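Taking it in order: structure first as structure tokens, then the write-up.
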Amino acid sequence: MTRTLRLLLLCWALCLTGGVARAQPPEPSARVVIVSSDTAVAYAQAAQAVVDTLVRQGVARSDISQVFASELVLRQQSGLPLCPAVCVALGSEATRVLLAGPVKSPVVSALIPRRSFERLLRSSGKAGSALVSAIYLDQPLARQLALVRLALPQARRLAVVLGPESSAFAANLRVVAAAHEMSLQDVTVNNLDDLAESLPQLLAQSDVLLALADPLVFNSSTIQNILLSSFRARVPMVAFSPAYVRAGALLALYTTPVQAGQQAAEVVLGILRGRPLPDRVMEPNDFEVGVNTQVARSLGWSFDVDVLRQALRRQERLP
Amino acid sequence: MTCVSWLGVAQGKISENNQNDWNAMWPTSPAIARARTLLYAAVLTAGGLLALAPALAQDVTSVSENDFLSDMPIVLSVSRLPQRLDETPGAVTILDRDMIRRSGARDVADLMRLVPGFRISNAFESVAPQVGYHGIFGRYSNRVELLVDGRSAYSPFFIGSIAPGLQTVALEDIERIEVLRGSNSAAYGARAFLGVINIVTRHTADSLGARGAVTTGENGIHDALASVGWGVGSGSFRLSVDRRADEGLEGAYDRNSVSRVNFRSDLYPAPGHEVQLRLGALNLDAGRGQPNWALDPQRPFGFDSAYAQLDYKLALSSEEDVAFKLSHSQERYREEFPVGLLNLCPGLKDPYKAACFQAFTPSDFYSVNADGRASSNAVSVQYTQRHSNTLRSVLGGEYRSERIVSAPLYNTSAAFDTEFLRLFGNLEWRLAPDWLLNAGALAEKSSVTGNTLAPRLMMNWHLAPGHTLRAGVSRAFRPPSTYEKFADRQFDVPLLGVQVDTQATGQTVPETLLAKEVGYLGDFSAWGVAVDVRLFQERFDKLIDIRSGRIGKDYANNPAFDLQGAEYQVKWQPWQGAQIIFNQTWIDNSHSAPGDDEINAATPRRASSLAYFQQLPGQLDLTLLHSENSAMGLVADHILQPRRRTDLRLAKAMRWGARRGEVALVVQNLGSAYADFKREHLFQKQAFITLRLED
């Protein structure tokens, strides 16, 4: 209840700031422009984290402006530079709109999965641009497997259901799994019938199910069958968002919008201080481990998420 | 955040970066979410259930931040997460699918040998093979409840029995059997007086494709099964047809067959909603009686049953869900045979024998009939809520109506209707991280026998990781069944006129059980050993028993007596591919009666079973099962006999591409024959071969 109340208050506050942005085009003098894909809470949380981090590091609030992707058109029509110093694109739509026009100053894209960013970069013809970079929302495979090894040391057979989007990770996944002394049991499905047929057999040969985002495989319609099947087979699911933990996955590894915003702000600060934009995309450098304690208890396990998170950070030598 | 994004999905609105979907991420008050959920549930149940299914298919889209940030429906809601074995309010033994297959058993009753404290009979003399916990106490298995996927398969005919229900589903369709040892009336009602056998069938999503099995062997064993599973959209289905047949025990009626068809469907009309429909029918053609006994001649009988069951589960939030169940079942028993009066004469002493031969001719006979029908309808609702990490509650109610019609058993063609109303609740309270209290009770109101209340209190203490002590007390009642209360069985005998066989005076009161137990569960994983111990003291009072009355037989209550003892199970994985399961039960039965003490004789002082499962090279699989008990009475014979039985199974798994199969040789009772049910009925050594194929 308290959590819901806090979120309501946060939404209210963020809606007000969003309302200001909607009423007026961004200040032409603002050096940092944060472009949100739309009004959803996740973007608002990330935007607020960018602002807070920048202000904490001495950037004047007046140097930061916020705008929705749909409003960028106004700015484009006015002929003013979109990003006087640097633009932060939050989400796919914001990134798409920014990449649609000429990019003359650095663009940092955040809250965006790897596949979405690569696709937008290709379709905009700016794949070679040194002015565009991204902080991915998806966790590196090595980190995900490290979590599986830490939390479930007995699990050696890793099941993965790949779809049209996630199948690109198959080769890399095999290498990373081998490096973590795990054997990979994977199936690639192209439709829901494939999923229904292959899942029971896959689970029968596996110790843990790693979920990789792919809307054909994992969506609000399929999750019921997948989670129930995995629970019946006593093969726990390790997923990629806290929503899956609430739904019934045992564990999840994810970066929150606030963490993504903070990391984007660090990159922006570097640019403002004269450092070049990192020439490659960045993995998220902060993350959370979520656990469904009731599922864990029912399966006979207990986890301390802070211990797991710290252990992962130590392994990656993150501060 | 309580979110209802699945509402958007149900309406087919999800697409990449869809504004409506994002709006669903905005916080919604739990009350509004619940109201919407309930409203949606009402719409669904009102009839749009299946019609909506095609609309649920989500657009295939590219991955976006939506996939990482959107909310998901609650799937493993609170009631889907079963209690761990070391947190249940009582002793539980689980027979899983693998163990069932590797046991070589051909029906559920035979499997119960692997459960501590259970005793079985393979005879069809009381309709079907029987099981009983701590002694059968009578000729029918009527003091243990049987649930098949949550539906009571307890037959109300005769004095009540789960024996025909145990034949409801093919072993191949069973995922696992959970046996709750000891009284569970506090959760499942009067019929769970001494425990519950909970059969969980395989989920249809886990049994897609075609399967078949054929068994043939000695003693006329011919079993066959065909099953097909398929999926359509968000639902999956299974249809199984099977038959098991053999020539039964030596000396008994020589043809027993069970034919059945079962259909199960699992539908997910919308995220968070689950609908299951089950239909099935059973035909049992068997026989009973003894050769050369005019009053109990060998004769055939038939038992037919059918059921329909509809389940609807709804997750209201991650902390609460509700389940509705609607079921109907009906059964018909067919048995009629003539008793030739001339056949009675050889058993008489002179001068009556001579007079008898003179008085009757071959055409003098009377008919013994036990035909009848029973049906039941039940509706139940169960609400499960997790109030906090330390408190979970289950509340529910059930209304059940049962009708029995049998002119031969009740001397009237009028129907006997009984209505039951059950209200139950259980509180699972974690007093401290290592202390769990389960407090529950079930109040039952019967339109015929009045009100009873069965409470239970159980404390589980995790004294160390992997080690749990359990102690508790429960009280149970079993009111007399319709037959025990209203039986009126008469035969119209030539010359002698109407003779009363059984006439219940209806004076019996509910039998009671006060059970105290201490349990221990130990997991010594370093040695591959798991231990389950139960020490019990069960005080039975007013146990209902049949005895000779003033006119015919009557049912009456017995004086109180105690069973006390211990049972344990040790599971050990001594080396690679091996598992040993050793059970032992000691029971001290204080019942004493002059002459033959049937109740005392029903419980062996010691019963043991040993199961050894070994995987061998070359895809071979070996099973050795041995069970034995000290002298005890047979179900319908007071002769005291020890019993030993050893079974062997050797199987080889096969694979052709994606197809899998197995061929298995089973030899049951490698040793000498033993008497079962009656001294004349012998369980002989029998061997059979099973071939299984799976697509």
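By order in the structure tokens, chains are A, B, ...; within a chain, residues start at 1; ligands start at 1, following the order shown.
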
Please return, as a PyMOL selection string, all residues of segment 25-191 of chain A that DSSP assigns to helix (DSSP H, G or I) on the basis of the backbone. chain A and resi 41-56+61-63+69-78+92-100+114-124+141-151+166-179

List every residue of chain B that has an atom at most 6 Å from any atom of chain A, giving for each one its closest atom pair and the distance in Å to one decimal, counting only C-alpha atoms, sorted by chain and then by ascending residue number, as a tab-separated table.
```
residue	atom	partner	partner_atom	distance
B:Met1	CA	A:Thr4	CA	5.8
B:Trp22	CA	A:Ala40	CA	5.8
B:Val60	CA	A:Leu216	CA	5.6
B:Val63	CA	A:Asp214	CA	5.6
B:Ser64	CA	A:Ser116	CA	5.8
B:Glu65	CA	A:Ile112	CA	5.4
B:Phe68	CA	A:Ser241	CA	5.4
B:Asp71	CA	A:Ala243	CA	5.1
B:Met72	CA	A:Ala243	CA	5.4
B:Pro73	CA	A:Ala247	CA	5.8
B:Ile74	CA	A:Ala247	CA	4.0
B:Val75	CA	A:Ala247	CA	5.0
B:Leu76	CA	A:Gly248	CA	4.8
B:Arg84	CA	A:Ser298	CA	5.6
B:Asp206	CA	A:Pro200	CA	5.4
B:Pro271	CA	A:Ser221	CA	5.9
```

Export C-alpha atoms of the chosen residues as a PDB file, in the first residue's frame?
```pdb
ATOM      1  CA  MET B   1       2.378  -1.835  -8.341  1.00  0.00           C
ATOM      2  CA  TRP B  22       1.735   1.915 -21.466  1.00  0.00           C
ATOM      3  CA  VAL B  60       4.143 -10.783 -33.201  1.00  0.00           C
ATOM      4  CA  VAL B  63      11.549  -6.704 -29.073  1.00  0.00           C
ATOM      5  CA  SER B  64      11.281  -3.313 -27.399  1.00  0.00           C
ATOM      6  CA  GLU B  65      11.632  -1.863 -23.916  1.00  0.00           C
ATOM      7  CA  PHE B  68      11.373  -5.399 -20.097  1.00  0.00           C
ATOM      8  CA  ASP B  71       3.726  -5.779 -16.128  1.00  0.00           C
ATOM      9  CA  MET B  72       2.792  -9.451 -16.337  1.00  0.00           C
ATOM     10  CA  PRO B  73      -0.216 -11.342 -15.018  1.00  0.00           C
ATOM     11  CA  ILE B  74       0.276 -13.227 -11.798  1.00  0.00           C
ATOM     12  CA  VAL B  75       0.717 -16.889 -12.691  1.00  0.00           C
ATOM     13  CA  LEU B  76       2.093 -18.704  -9.662  1.00  0.00           C
ATOM     14  CA  ARG B  84       6.619 -27.869   1.215  1.00  0.00           C
ATOM     15  CA  ASP B 206       2.849 -32.092 -20.814  1.00  0.00           C
ATOM     16  CA  PRO B 271      -3.917 -14.250 -18.396  1.00  0.00           C
TER      17      PRO B 271
END
```

Skip Gly466 of chain B itself and residues of its chain fewer than 5 positions away, then list as a PDB file with C-alpha atoms, in the first residue's frame all residues within 10 Å of it, counting only C-alpha atoms.
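out35.pdb was written with the following content:
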```
ATOM      1  CA  GLY A 300      12.980 -25.364  -1.057  1.00  0.00           C
TER       2      GLY A 300
ATOM      3  CA  ASP B  86       8.245 -30.192   5.745  1.00  0.00           C
ATOM      4  CA  LEU B 521      11.557 -35.196   8.317  1.00  0.00           C
ATOM      5  CA  GLY B 522      15.293 -35.372   7.800  1.00  0.00           C
ATOM      6  CA  ASP B 523      17.290 -34.611   4.708  1.00  0.00           C
ATOM      7  CA  PHE B 524      20.854 -35.897   4.867  1.00  0.00           C
ATOM      8  CA  SER B 525      21.771 -34.802   1.374  1.00  0.00           C
ATOM      9  CA  ALA B 530      15.873 -38.656   3.347  1.00  0.00           C
TER      10      ALA B 530
END
```

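The space separating atom CA of Val258 of chain B from atom CA of Ala286 of chain B comes to 8.1 Å.
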
Residues flagged strand (DSSP E) by DSSP in segment 106-299 of chain A, as a PyMOL selection string: chain A and resi 107-112+132-136+157-162+183-188+208-210+237-239+251-254+288-291

Can you tell me which residues surround Gly125 of chain A at a distance of at most 12 Å, considering only C-alpha atoms, apart from same-chain residues fewer than 3 positions away, and format the answer as a ChimeraX atom specification? /A:96,99-103,118-122,128-129,132
